[in-house]
>>> print(open('model_16.cif').read())   # mmCIF, C-alpha atoms and all ligand atoms
data_entry
loop_
_atom_site.label_atom_id
_atom_site.label_comp_id
_atom_site.auth_asym_id
_atom_site.auth_seq_id
_atom_site.Cartn_x
_atom_site.Cartn_y
_atom_site.Cartn_z
CA MET A 1 -28.54 15.03 -11.50
CA THR A 2 -26.71 15.60 -8.23
CA PHE A 3 -23.34 17.25 -7.91
CA ASN A 4 -20.88 15.27 -5.86
CA TYR A 5 -19.08 17.81 -3.65
CA LEU A 6 -17.35 15.02 -1.76
CA ASN A 7 -14.90 14.55 -4.59
CA LEU A 8 -13.81 18.16 -4.51
CA VAL A 9 -13.82 19.46 -0.97
CA GLY A 10 -10.79 18.84 1.19
CA ASN A 11 -10.45 19.75 4.83
CA ALA A 12 -7.76 19.53 7.48
CA ASP A 13 -8.85 16.05 8.64
CA LEU A 14 -8.82 14.66 5.13
CA ILE A 15 -5.39 16.13 4.40
CA LYS A 16 -4.08 14.67 7.66
CA GLN A 17 -5.50 11.27 6.70
CA LEU A 18 -3.92 11.43 3.23
CA ASN A 19 -0.51 12.40 4.62
CA TYR A 20 -0.53 9.58 7.18
CA ALA A 21 -1.71 7.18 4.46
CA MET A 22 1.08 8.23 2.10
CA ILE A 23 3.79 7.85 4.75
CA TYR A 24 2.46 4.49 5.98
CA ARG A 25 2.27 3.15 2.42
CA LEU A 26 5.79 4.35 1.60
CA ILE A 27 7.11 2.60 4.70
CA VAL A 28 5.26 -0.66 3.91
CA GLN A 29 6.41 -0.71 0.31
CA HIS A 30 9.94 0.69 0.61
CA ALA A 31 11.17 -0.43 4.03
CA PRO A 32 13.72 0.01 5.44
CA ILE A 33 13.51 3.73 4.75
CA SER A 34 14.88 6.71 6.70
CA ARG A 35 12.95 9.83 7.72
CA ILE A 36 15.12 11.88 5.35
CA GLN A 37 14.21 9.60 2.45
CA LEU A 38 10.53 9.78 3.45
CA ALA A 39 10.67 13.59 3.38
CA GLU A 40 12.36 13.55 -0.04
CA VAL A 41 9.89 11.14 -1.63
CA SER A 42 6.73 12.56 -0.03
CA HIS A 43 7.66 16.26 -0.31
CA LEU A 44 6.43 16.75 3.27
CA ALA A 45 8.42 18.90 5.70
CA PRO A 46 10.89 16.97 7.94
CA ALA A 47 8.92 18.21 10.98
CA SER A 48 5.75 16.60 9.58
CA ILE A 49 7.59 13.31 8.97
CA THR A 50 8.86 13.38 12.56
CA LYS A 51 5.35 13.94 13.89
CA ILE A 52 3.68 11.29 11.71
CA THR A 53 6.31 8.62 12.39
CA ARG A 54 6.16 9.38 16.14
CA GLN A 55 2.41 8.72 16.13
CA LEU A 56 2.74 5.55 14.04
CA ILE A 57 5.52 4.24 16.31
CA LYS A 58 3.39 4.97 19.38
CA LYS A 59 0.59 2.88 17.93
CA LYS A 60 3.08 0.11 17.04
CA LEU A 61 2.27 0.33 13.33
CA ILE A 62 5.93 0.95 12.43
CA ARG A 63 9.25 0.60 14.22
CA GLU A 64 12.79 1.86 14.05
CA VAL A 65 15.41 -0.62 12.87
CA ASP A 66 19.21 -0.67 12.76
CA ALA A 67 20.82 2.50 11.50
CA GLN A 68 21.65 2.54 7.80
CA GLN A 69 25.27 3.17 6.91
CA SER A 70 25.47 6.57 5.28
CA THR A 71 28.39 8.11 3.44
CA GLY A 72 29.09 10.75 6.07
CA GLY A 73 27.71 12.38 9.18
CA ARG A 74 25.34 10.65 11.57
CA PRO A 75 23.91 7.33 10.34
CA ALA A 76 20.18 7.69 9.60
CA VAL A 77 17.77 5.52 11.57
CA SER A 78 15.60 3.41 9.29
CA ILE A 79 11.95 2.62 9.69
CA GLU A 80 9.93 -0.41 8.71
CA ALA A 81 6.33 -1.50 9.10
CA LYS A 82 5.37 -3.63 12.09
CA PHE A 83 2.69 -6.10 11.09
CA ASN A 84 2.27 -8.42 14.04
CA HIS A 85 0.86 -6.09 16.70
CA TYR A 86 -2.68 -6.03 15.25
CA GLN A 87 -4.85 -8.82 13.92
CA THR A 88 -7.79 -8.89 11.53
CA ILE A 89 -10.40 -11.51 10.62
CA ALA A 90 -11.22 -12.09 6.96
CA VAL A 91 -14.41 -13.94 6.02
CA GLN A 92 -15.41 -15.35 2.67
CA LEU A 93 -19.03 -16.48 2.30
CA SER A 94 -19.53 -18.73 -0.71
CA ARG A 95 -22.62 -20.72 -1.66
CA SER A 96 -21.84 -23.68 0.52
CA GLN A 97 -19.11 -22.67 2.92
CA VAL A 98 -17.72 -19.98 5.18
CA THR A 99 -13.95 -19.44 5.24
CA LEU A 100 -12.61 -17.66 8.31
CA GLU A 101 -8.99 -16.52 8.27
CA LEU A 102 -6.80 -14.67 10.72
CA TYR A 103 -4.39 -12.15 9.20
CA ASP A 104 -1.81 -9.80 10.61
CA ILE A 105 -1.87 -6.34 8.99
CA GLY A 106 0.84 -7.29 6.50
CA GLY A 107 -1.42 -9.76 4.69
CA ASN A 108 0.12 -12.84 6.31
CA CYS A 109 -2.50 -15.54 6.88
CA LEU A 110 -2.01 -17.04 10.36
CA VAL A 111 -5.02 -19.39 10.58
CA SER A 112 -7.51 -20.68 8.00
CA ASN A 113 -10.71 -22.53 8.94
CA VAL A 114 -13.58 -23.64 6.71
CA TYR A 115 -17.15 -24.30 7.92
CA PRO A 116 -20.24 -25.49 6.00
CA LEU A 117 -22.90 -22.89 5.22
CA THR A 118 -26.35 -24.34 5.79
CA HIS A 119 -28.38 -21.28 6.81
CA PHE A 120 -29.99 -19.44 3.94
CA THR A 121 -32.13 -16.72 5.47
CA GLN A 122 -30.69 -13.39 6.53
CA GLU A 123 -31.54 -13.88 10.22
CA LEU A 124 -30.17 -17.42 10.50
CA ALA A 125 -27.07 -16.69 8.42
CA GLN A 126 -26.32 -13.66 10.60
CA LYS A 127 -26.67 -15.60 13.87
CA TYR A 128 -24.52 -18.41 12.49
CA LEU A 129 -21.83 -16.03 11.25
CA ILE A 130 -21.66 -14.18 14.59
CA LYS A 131 -21.42 -17.50 16.42
CA LEU A 132 -18.62 -18.71 14.12
CA ILE A 133 -16.63 -15.50 14.56
CA GLU A 134 -17.08 -15.63 18.36
CA GLN A 135 -15.87 -19.24 18.45
CA PHE A 136 -12.97 -18.39 16.15
CA ILE A 137 -11.86 -15.52 18.41
CA GLN A 138 -12.12 -17.77 21.45
CA GLU A 139 -10.23 -20.66 19.82
CA HIS A 140 -7.39 -18.39 18.76
CA SER A 141 -7.39 -16.04 21.74
CA LYS A 142 -3.66 -16.55 22.25
CA ARG A 143 -2.90 -15.08 18.84
CA ILE A 144 -5.64 -12.42 18.80
CA LYS A 145 -4.29 -9.72 21.08
CA ASN A 146 -5.47 -6.60 19.26
CA LEU A 147 -8.30 -7.31 16.85
CA ILE A 148 -8.88 -4.17 14.79
CA ALA A 149 -11.10 -5.21 11.89
CA ILE A 150 -13.40 -7.84 10.46
CA SER A 151 -14.02 -7.97 6.73
CA VAL A 152 -16.63 -10.05 4.91
CA VAL A 153 -16.84 -10.71 1.18
CA LEU A 154 -19.55 -12.55 -0.73
CA PRO A 155 -21.03 -12.70 -4.22
CA GLY A 156 -23.82 -10.33 -5.22
CA LEU A 157 -24.70 -6.66 -4.96
CA ILE A 158 -22.92 -5.36 -1.90
CA ASP A 159 -23.14 -1.73 -0.84
CA SER A 160 -19.67 -1.38 0.73
CA VAL A 161 -20.21 2.26 1.64
CA ARG A 162 -23.36 1.69 3.71
CA GLY A 163 -22.37 -1.83 4.73
CA ILE A 164 -25.51 -3.43 3.30
CA ILE A 165 -26.02 -6.63 1.32
CA ARG A 166 -28.65 -5.90 -1.29
CA TYR A 167 -28.54 -9.22 -3.13
CA THR A 168 -26.58 -12.42 -2.78
CA PRO A 169 -27.42 -15.55 -4.74
CA HIS A 170 -27.55 -18.06 -1.90
CA ILE A 171 -29.14 -16.20 1.03
CA GLN A 172 -32.56 -14.48 1.00
CA VAL A 173 -31.83 -10.92 2.00
CA LYS A 174 -33.67 -7.63 2.34
CA GLU A 175 -31.23 -4.71 2.67
CA TRP A 176 -29.17 -6.80 5.11
CA PRO A 177 -27.22 -4.31 7.33
CA LEU A 178 -24.49 -6.83 8.16
CA SER A 179 -21.77 -4.23 8.89
CA GLU A 180 -23.87 -2.54 11.57
CA GLU A 181 -24.78 -5.88 13.17
CA LEU A 182 -21.14 -7.04 13.28
CA GLN A 183 -20.03 -3.64 14.58
CA LYS A 184 -22.53 -3.86 17.47
CA GLN A 185 -21.35 -7.34 18.29
CA PHE A 186 -17.56 -7.00 17.97
CA ASN A 187 -16.89 -3.25 18.26
CA VAL A 188 -14.12 -3.16 15.64
CA SER A 189 -13.98 -1.67 12.12
CA ILE A 190 -16.12 -3.70 9.71
CA PHE A 191 -15.66 -3.97 5.94
CA LEU A 192 -18.01 -5.54 3.45
CA GLY A 193 -17.55 -6.16 -0.26
CA ASN A 194 -18.19 -8.18 -3.37
CA ASP A 195 -15.96 -11.26 -3.51
CA ILE A 196 -14.68 -10.86 -7.09
CA GLN A 197 -14.04 -7.12 -6.85
CA SER A 198 -12.15 -7.74 -3.61
CA LEU A 199 -10.15 -10.52 -5.25
CA ALA A 200 -9.12 -8.08 -8.03
CA LEU A 201 -7.94 -5.71 -5.31
CA ALA A 202 -6.05 -8.54 -3.55
CA GLU A 203 -4.37 -9.40 -6.83
CA SER A 204 -3.22 -5.78 -7.14
CA TYR A 205 -1.78 -5.74 -3.59
CA PHE A 206 -0.36 -9.25 -3.26
CA GLY A 207 -0.62 -11.01 -6.63
CA THR A 208 0.53 -10.72 -10.19
CA THR A 209 -0.81 -7.21 -10.90
CA GLN A 210 1.04 -5.36 -8.13
CA ASN A 211 3.36 -3.60 -10.57
CA VAL A 212 0.72 -2.18 -12.92
CA ASP A 213 -1.83 0.61 -12.49
CA ASP A 214 -4.65 -0.82 -14.62
CA SER A 215 -5.73 -4.45 -14.46
CA ILE A 216 -8.79 -6.66 -14.73
CA LEU A 217 -9.45 -9.93 -12.93
CA ILE A 218 -11.95 -12.38 -14.40
CA ARG A 219 -12.99 -15.39 -12.36
CA VAL A 220 -14.88 -18.36 -13.81
CA HIS A 221 -16.62 -20.61 -11.33
CA ARG A 222 -20.41 -21.03 -11.05
CA GLY A 223 -20.75 -17.70 -12.78
CA VAL A 224 -18.29 -15.32 -14.41
CA GLY A 225 -17.37 -12.23 -12.42
CA SER A 226 -14.80 -9.51 -12.83
CA GLY A 227 -13.18 -6.64 -10.98
CA VAL A 228 -11.58 -3.66 -12.69
CA ILE A 229 -8.64 -1.75 -11.20
CA ILE A 230 -7.95 1.67 -12.75
CA ASN A 231 -5.07 3.81 -11.46
CA GLN A 232 -4.60 1.31 -8.60
CA GLN A 233 -8.19 1.91 -7.43
CA LEU A 234 -11.09 -0.51 -7.61
CA LEU A 235 -13.64 0.77 -10.11
CA THR A 236 -17.00 1.13 -8.34
CA ASN A 237 -20.24 2.76 -9.39
CA HIS A 238 -23.53 4.10 -7.97
CA ASN A 239 -24.92 0.56 -7.76
CA GLN A 240 -21.76 -1.04 -6.30
CA SER A 241 -22.12 -3.68 -9.03
CA ALA A 242 -19.25 -5.76 -10.38
CA CYS A 243 -18.77 -5.88 -14.15
CA GLU A 244 -21.25 -8.59 -15.16
CA VAL A 245 -19.11 -10.07 -17.91
CA GLY A 246 -21.01 -13.37 -17.64
CA HIS A 247 -23.89 -11.83 -19.56
CA ILE A 248 -21.89 -10.58 -22.51
CA GLN A 249 -23.26 -12.29 -25.61
CA VAL A 250 -20.62 -14.50 -27.24
CA ASP A 251 -22.93 -16.47 -29.54
CA ALA A 252 -26.00 -14.80 -31.06
CA LEU A 253 -27.41 -18.23 -31.94
CA GLY A 254 -26.68 -19.70 -28.51
CA GLU A 255 -29.19 -21.00 -26.02
CA ARG A 256 -31.32 -18.78 -23.82
CA CYS A 257 -29.79 -17.59 -20.53
CA HIS A 258 -31.70 -17.03 -17.29
CA CYS A 259 -31.16 -13.29 -17.86
CA GLY A 260 -33.34 -13.43 -20.98
CA ASN A 261 -30.55 -12.95 -23.52
CA PHE A 262 -29.19 -15.66 -25.86
CA GLY A 263 -25.66 -17.11 -25.97
CA CYS A 264 -24.31 -15.47 -22.80
CA LEU A 265 -20.66 -16.16 -21.89
CA GLU A 266 -21.76 -17.73 -18.60
CA ASN A 267 -23.60 -20.56 -20.38
CA ARG A 268 -20.45 -21.50 -22.29
CA VAL A 269 -17.61 -21.31 -19.80
CA VAL A 270 -18.79 -21.95 -16.24
CA ASN A 271 -17.65 -25.25 -14.74
CA LYS A 272 -21.11 -26.85 -14.96
CA ALA A 273 -21.50 -25.94 -18.65
CA ILE A 274 -18.11 -27.46 -19.51
CA GLU A 275 -18.87 -30.61 -17.50
CA LEU A 276 -22.26 -30.99 -19.21
CA ARG A 277 -20.65 -30.60 -22.63
CA ALA A 278 -18.04 -33.22 -21.68
CA LYS A 279 -20.81 -35.69 -20.76
CA GLN A 280 -22.66 -35.09 -24.03
CA MET A 281 -19.51 -35.63 -26.09
CA ILE A 282 -18.54 -38.78 -24.20
CA GLU A 283 -22.05 -40.12 -24.86
CA GLN A 284 -21.61 -39.30 -28.54
CA GLY A 285 -18.55 -41.54 -28.55
CA TYR A 286 -15.63 -39.08 -28.66
CA PRO A 287 -12.42 -40.93 -27.75
CA THR A 288 -11.13 -39.72 -24.37
CA LYS A 289 -9.65 -40.80 -21.05
CA LEU A 290 -12.58 -39.06 -19.33
CA SER A 291 -15.50 -41.21 -18.23
CA LEU A 292 -19.11 -40.29 -17.47
CA ASP A 293 -18.42 -40.70 -13.75
CA ASP A 294 -15.33 -38.52 -13.49
CA CYS A 295 -15.79 -35.72 -16.00
CA ASN A 296 -15.52 -32.88 -13.49
CA ILE A 297 -13.62 -29.66 -14.20
CA ALA A 298 -10.53 -30.77 -12.25
CA ASN A 299 -10.17 -33.95 -14.34
CA ILE A 300 -10.96 -32.14 -17.59
CA CYS A 301 -8.03 -29.76 -16.88
CA LYS A 302 -5.80 -32.63 -15.75
CA TYR A 303 -6.41 -34.64 -18.94
CA ALA A 304 -6.07 -31.53 -21.11
CA ASN A 305 -2.59 -31.07 -19.64
CA GLN A 306 -1.82 -34.71 -20.52
CA GLY A 307 -2.83 -34.20 -24.15
CA ASP A 308 -6.31 -35.77 -24.15
CA GLU A 309 -7.98 -34.41 -27.30
CA LEU A 310 -11.53 -34.08 -25.98
CA ALA A 311 -10.36 -32.41 -22.77
CA ILE A 312 -8.21 -30.00 -24.81
CA LYS A 313 -11.18 -29.18 -27.06
CA LEU A 314 -13.37 -28.41 -24.04
CA VAL A 315 -10.82 -26.06 -22.42
CA LYS A 316 -9.99 -24.49 -25.79
CA ASP A 317 -13.66 -23.75 -26.59
CA ALA A 318 -14.14 -22.20 -23.16
CA GLY A 319 -10.94 -20.16 -23.63
CA GLU A 320 -12.06 -18.86 -27.03
CA ASN A 321 -15.42 -17.78 -25.65
CA LEU A 322 -13.73 -16.18 -22.67
CA GLY A 323 -11.33 -14.49 -25.10
CA ARG A 324 -14.27 -12.81 -26.89
CA ALA A 325 -15.35 -11.20 -23.63
CA VAL A 326 -11.74 -10.35 -22.77
CA ALA A 327 -11.40 -8.62 -26.16
CA MET A 328 -14.44 -6.44 -25.40
CA MET A 329 -12.99 -5.47 -22.04
CA VAL A 330 -9.62 -4.66 -23.62
CA ASN A 331 -11.35 -2.45 -26.19
CA ILE A 332 -13.20 -0.62 -23.43
CA PHE A 333 -10.69 -0.39 -20.55
CA ASN A 334 -7.28 -0.87 -22.19
CA PRO A 335 -5.73 -2.56 -19.10
CA GLN A 336 -2.01 -3.37 -18.79
CA GLN A 337 -2.74 -6.80 -17.42
CA ILE A 338 -5.59 -9.34 -17.28
CA VAL A 339 -5.66 -12.09 -14.68
CA LEU A 340 -7.83 -15.18 -14.97
CA ALA A 341 -8.94 -17.12 -11.91
CA GLY A 342 -11.00 -20.24 -11.26
CA GLU A 343 -10.64 -24.00 -11.76
CA LEU A 344 -10.25 -23.63 -15.53
CA THR A 345 -6.84 -22.04 -14.96
CA LYS A 346 -5.49 -25.45 -13.86
CA SER A 347 -4.89 -25.97 -17.57
CA PRO A 348 -3.08 -22.68 -18.11
CA GLU A 349 -1.33 -23.32 -21.41
CA VAL A 350 -4.39 -24.49 -23.37
CA LEU A 351 -6.57 -21.82 -21.79
CA LEU A 352 -4.22 -18.87 -22.36
CA ASN A 353 -3.48 -19.89 -25.98
CA ALA A 354 -7.22 -19.96 -26.73
CA VAL A 355 -7.92 -16.66 -24.95
CA ASN A 356 -5.04 -14.99 -26.81
CA SER A 357 -6.14 -16.23 -30.21
CA ALA A 358 -9.67 -14.83 -29.71
CA LEU A 359 -8.22 -11.63 -28.31
CA ASN A 360 -5.89 -11.16 -31.28
CA ALA A 361 -8.79 -11.52 -33.68
CA GLN A 362 -11.19 -9.23 -31.86
CA SER A 363 -9.38 -6.37 -30.13
CA LEU A 364 -7.49 -3.31 -31.34
CA GLU A 365 -3.81 -4.08 -31.82
CA GLU A 366 -2.79 -0.75 -30.32
CA LEU A 367 -4.62 -1.61 -27.07
CA ARG A 368 -3.26 -5.14 -26.70
CA LYS A 369 0.36 -4.73 -27.75
CA ASN A 370 1.62 -4.22 -24.19
CA LEU A 371 -1.02 -6.38 -22.53
CA THR A 372 -0.16 -9.49 -20.56
CA ILE A 373 -2.67 -12.18 -19.66
CA ASN A 374 -1.92 -14.70 -16.98
CA CYS A 375 -3.52 -16.95 -14.41
CA SER A 376 -3.96 -15.87 -10.80
CA SER A 377 -1.35 -16.92 -8.28
CA LEU A 378 -3.75 -16.38 -5.36
CA ASN A 379 -6.02 -19.06 -3.94
CA ASP A 380 -9.43 -17.77 -4.99
CA CYS A 381 -11.14 -19.90 -2.34
CA SER A 382 -9.25 -18.18 0.49
CA ALA A 383 -10.43 -15.00 2.21
CA ILE A 384 -7.50 -12.92 0.86
CA GLY A 385 -10.03 -10.66 -0.93
CA ALA A 386 -11.63 -9.81 2.41
CA PHE A 387 -8.22 -8.90 3.81
CA ALA A 388 -7.60 -6.70 0.74
CA LEU A 389 -10.46 -4.42 1.89
CA ILE A 390 -8.63 -3.97 5.21
CA GLN A 391 -5.35 -3.30 3.39
CA GLN A 392 -7.18 -0.71 1.28
CA ALA A 393 -8.40 1.05 4.44
CA LEU A 394 -4.85 1.10 5.83
CA PHE A 395 -3.48 2.46 2.56
CA ASN A 396 -6.17 5.16 2.14
CA GLY A 397 -5.65 6.16 5.77
CA SER A 398 -9.21 5.67 7.06
CA LEU A 399 -8.31 2.69 9.28
CA LEU A 400 -5.06 4.40 10.36
CA MET A 401 -7.10 7.38 11.59
CA THR A 402 -9.41 5.05 13.53
CA LEU A 403 -6.38 3.46 15.21
CA LEU A 404 -4.74 6.80 15.99
CA GLU A 405 -7.93 8.29 17.46
CA ASN A 406 -8.84 5.15 19.32
CA ASN A 407 -7.65 4.86 22.89
CA MET A 408 -7.18 1.13 22.78
CA PRO A 409 -3.99 0.12 24.60
CA ALA A 410 -1.17 -0.01 22.10
ZN ZN B 501 -27.27 -13.96 -19.49
#
>>> encode(input="model_16.cif", output="structure tokens")
Amino acid sequence: MTFNYLNLVGNADLIKQLNYAMIYRLIVQHAPISRIQLAEVSHLAPASITKITRQLIKKKLIREVDAQQSTGGRPAVSIEAKFNHYQTIAVQLSRSQVTLELYDIGGNCLVSNVYPLTHFTQELAQKYLIKLIEQFIQEHSKRIKNLIAISVVLPGLIDSVRGIIRYTPHIQVKEWPLSEELQKQFNVSIFLGNDIQSLALAESYFGTTQNVDDSILIRVHRGVGSGVIINQQLLTNHNQSACEVGHIQVDALGERCHCGNFGCLENRVVNKAIELRAKQMIEQGYPTKLSLDDCNIANICKYANQGDELAIKLVKDAGENLGRAVAMMVNIFNPQQIVLAGELTKSPEVLLNAVNSALNAQSLEELRKNLTINCSSLNDCSAIGAFALIQQALFNGSLLMTLLENNMPA
């Protein structure tokens, strides 16, 4: 067993980083705010606030705005965040496509482009990705004045700390040091992360879970993935793995999964499984508006919303199975909110009713009485998760320190 000193030892640099992070976050979330208010809320000395805000203004991360009317004395000058001076590139690698998006540092998406992914070895995928990013920068050179970070998210086992992809389902990799390669090429801060964990983080910054401390996002697509946020921080472990909820057993008598277990959640709720079940039931003669040619997940949700009985049954069964896994997570983590994402959420009413009924039967009442479950408001195919890693680095101060120490023209 090793003892992790890093969690305990503070030093002057770390304290500086935390103070800058706190002030920047307060300004982003409570603007317009005066220096006096910042000192009151942060408990830092007014002289420290003056120094920190001076540095942040110099780097064009914040700006002074019109004086607030006060009840007496000199009106206090207010401060707000300035988002448009720096740009970042967010990349989402899925099985068949690459999404490249340009964001300012306030999470506003300025450009979104999608390209096919057809290179499935580490070397080819890396060359292709570098070429795409170079082209993207060139194409949008008028808008990209101060590029400060590139962030890439993808499914699999991603070591965010070392910047290495250890496993991803669609590209053959061997300890792929993508962060280092991108850093060499573009000379900006690079972030790398798991797509679902990053989406959970994005939901907590920009989506429906921004007002709670503890939340879980579960996304159903080709597999089932989840990200857990505890005390506003993404839960990570020694292996950098996401919570593999897809391999929770929901039916002991179910069919065998590729993982070796029987009746895994994944085999009951992923889009392909639902579509296959729809086909089998149509062939068995169930009355429905669905036909063998169009029984894809989008139509199944559409017809479920229109009251088609077979479509409702398919979404309801998936929701009940999902609800069993949700109940286990509620019993373990006791979150304040659960967010569901993926195509299945296009039939929100049927889905949420089914999830709730399984949850009510299988979780502790005390743990679920203040719990809300809803569907994600974010587009899970966008690269917003990748931007969330950049937002995290601004909010924890690490990227702020890089900008303050960097001599790039501000
Ligand atoms: Zn399994």
>>> axis_aligned_box(input="model_16.cif", around="segment 82-87 of chain A", padding_each_side="8 Å", output="JSON")
{"center_x": 0.3, "center_y": -6.2, "center_z": 13.9, "size_x": 26.2, "size_y": 21.2, "size_z": 21.6}
>>> residues_near_ligand(input="model_16.cif", ligand="ligand ZN 501 (chain B)", cutoff="6 Å", atoms="only C-alpha atoms and all ligand atoms", output="JSON, numbers by chain")
{"A": [247, 257, 258, 259, 261, 264]}
>>> closest_residue(input="model_16.cif", among="A:Ile282, A:Val339, A:Ala361, A:Leu344", to="Ile297 of chain A", atoms="only C-alpha atoms")
A:Leu344
>>> closest_residue(input="model_16.cif", among="A:Leu322, A:Leu389, A:Ile384, A:Leu403", to="Ser357 of chain A", atoms="only C-alpha atoms")
A:Leu322
>>> residues_around(input="model_16.cif", residues="Leu235 of chain A", least_positions_apart="3", cutoff="12 Å", atoms="all atoms listed in the file", output="ChimeraX atom specification")
/A:197-198,200-201,214-217,226-232,238-243,333
>>> build_atoms(input="model_16.cif", residues="segment 45-61 of chain A", atoms="N, CA, C and O atoms", output="PDB file, in the coordinates of the input")
ATOM      1  N   ALA A  45       7.348  18.288   4.916  1.00  0.00           N
ATOM      2  CA  ALA A  45       8.420  18.900   5.700  1.00  0.00           C
ATOM      3  C   ALA A  45       8.976  17.879   6.695  1.00  0.00           C
ATOM      4  O   ALA A  45       8.212  17.054   7.211  1.00  0.00           O
ATOM      5  N   PRO A  46      10.308  17.906   6.962  1.00  0.00           N
ATOM      6  CA  PRO A  46      10.890  16.970   7.940  1.00  0.00           C
ATOM      7  C   PRO A  46      10.140  16.969   9.275  1.00  0.00           C
ATOM      8  O   PRO A  46       9.978  15.922   9.896  1.00  0.00           O
ATOM      9  N   ALA A  47       9.649  18.147   9.702  1.00  0.00           N
ATOM     10  CA  ALA A  47       8.920  18.210  10.980  1.00  0.00           C
ATOM     11  C   ALA A  47       7.628  17.378  10.904  1.00  0.00           C
ATOM     12  O   ALA A  47       7.244  16.724  11.878  1.00  0.00           O
ATOM     13  N   SER A  48       6.968  17.399   9.747  1.00  0.00           N
ATOM     14  CA  SER A  48       5.750  16.600   9.580  1.00  0.00           C
ATOM     15  C   SER A  48       6.070  15.110   9.624  1.00  0.00           C
ATOM     16  O   SER A  48       5.340  14.318  10.225  1.00  0.00           O
ATOM     17  N   ILE A  49       7.185  14.723   8.980  1.00  0.00           N
ATOM     18  CA  ILE A  49       7.590  13.310   8.970  1.00  0.00           C
ATOM     19  C   ILE A  49       7.867  12.864  10.405  1.00  0.00           C
ATOM     20  O   ILE A  49       7.453  11.781  10.829  1.00  0.00           O
ATOM     21  N   THR A  50       8.552  13.712  11.161  1.00  0.00           N
ATOM     22  CA  THR A  50       8.860  13.380  12.560  1.00  0.00           C
ATOM     23  C   THR A  50       7.572  13.146  13.351  1.00  0.00           C
ATOM     24  O   THR A  50       7.440  12.169  14.087  1.00  0.00           O
ATOM     25  N   LYS A  51       6.603  14.038  13.155  1.00  0.00           N
ATOM     26  CA  LYS A  51       5.350  13.940  13.890  1.00  0.00           C
ATOM     27  C   LYS A  51       4.559  12.678  13.490  1.00  0.00           C
ATOM     28  O   LYS A  51       4.091  11.919  14.351  1.00  0.00           O
ATOM     29  N   ILE A  52       4.464  12.439  12.187  1.00  0.00           N
ATOM     30  CA  ILE A  52       3.680  11.290  11.710  1.00  0.00           C
ATOM     31  C   ILE A  52       4.327   9.979  12.166  1.00  0.00           C
ATOM     32  O   ILE A  52       3.653   9.083  12.691  1.00  0.00           O
ATOM     33  N   THR A  53       5.657   9.880  12.002  1.00  0.00           N
ATOM     34  CA  THR A  53       6.310   8.620  12.390  1.00  0.00           C
ATOM     35  C   THR A  53       6.237   8.416  13.906  1.00  0.00           C
ATOM     36  O   THR A  53       6.100   7.282  14.364  1.00  0.00           O
ATOM     37  N   ARG A  54       6.283   9.526  14.679  1.00  0.00           N
ATOM     38  CA  ARG A  54       6.160   9.380  16.140  1.00  0.00           C
ATOM     39  C   ARG A  54       4.819   8.751  16.503  1.00  0.00           C
ATOM     40  O   ARG A  54       4.741   7.829  17.309  1.00  0.00           O
ATOM     41  N   GLN A  55       3.751   9.249  15.862  1.00  0.00           N
ATOM     42  CA  GLN A  55       2.410   8.720  16.130  1.00  0.00           C
ATOM     43  C   GLN A  55       2.294   7.246  15.708  1.00  0.00           C
ATOM     44  O   GLN A  55       1.717   6.423  16.413  1.00  0.00           O
ATOM     45  N   LEU A  56       2.846   6.933  14.546  1.00  0.00           N
ATOM     46  CA  LEU A  56       2.740   5.550  14.040  1.00  0.00           C
ATOM     47  C   LEU A  56       3.563   4.586  14.898  1.00  0.00           C
ATOM     48  O   LEU A  56       3.174   3.438  15.112  1.00  0.00           O
ATOM     49  N   ILE A  57       4.706   5.076  15.420  1.00  0.00           N
ATOM     50  CA  ILE A  57       5.520   4.240  16.310  1.00  0.00           C
ATOM     51  C   ILE A  57       4.777   3.999  17.626  1.00  0.00           C
ATOM     52  O   ILE A  57       4.723   2.890  18.143  1.00  0.00           O
ATOM     53  N   LYS A  58       4.132   5.060  18.126  1.00  0.00           N
ATOM     54  CA  LYS A  58       3.390   4.970  19.380  1.00  0.00           C
ATOM     55  C   LYS A  58       2.281   3.918  19.288  1.00  0.00           C
ATOM     56  O   LYS A  58       2.016   3.183  20.238  1.00  0.00           O
ATOM     57  N   LYS A  59       1.669   3.856  18.119  1.00  0.00           N
ATOM     58  CA  LYS A  59       0.590   2.880  17.930  1.00  0.00           C
ATOM     59  C   LYS A  59       1.101   1.520  17.432  1.00  0.00           C
ATOM     60  O   LYS A  59       0.343   0.654  17.035  1.00  0.00           O
ATOM     61  N   LYS A  60       2.433   1.372  17.429  1.00  0.00           N
ATOM     62  CA  LYS A  60       3.080   0.110  17.040  1.00  0.00           C
ATOM     63  C   LYS A  60       2.718  -0.350  15.613  1.00  0.00           C
ATOM     64  O   LYS A  60       2.602  -1.536  15.336  1.00  0.00           O
ATOM     65  N   LEU A  61       2.525   0.637  14.738  1.00  0.00           N
ATOM     66  CA  LEU A  61       2.270   0.330  13.330  1.00  0.00           C
ATOM     67  C   LEU A  61       3.581   0.268  12.545  1.00  0.00           C
ATOM     68  O   LEU A  61       3.670  -0.369  11.501  1.00  0.00           O
TER      69      LEU A  61
END
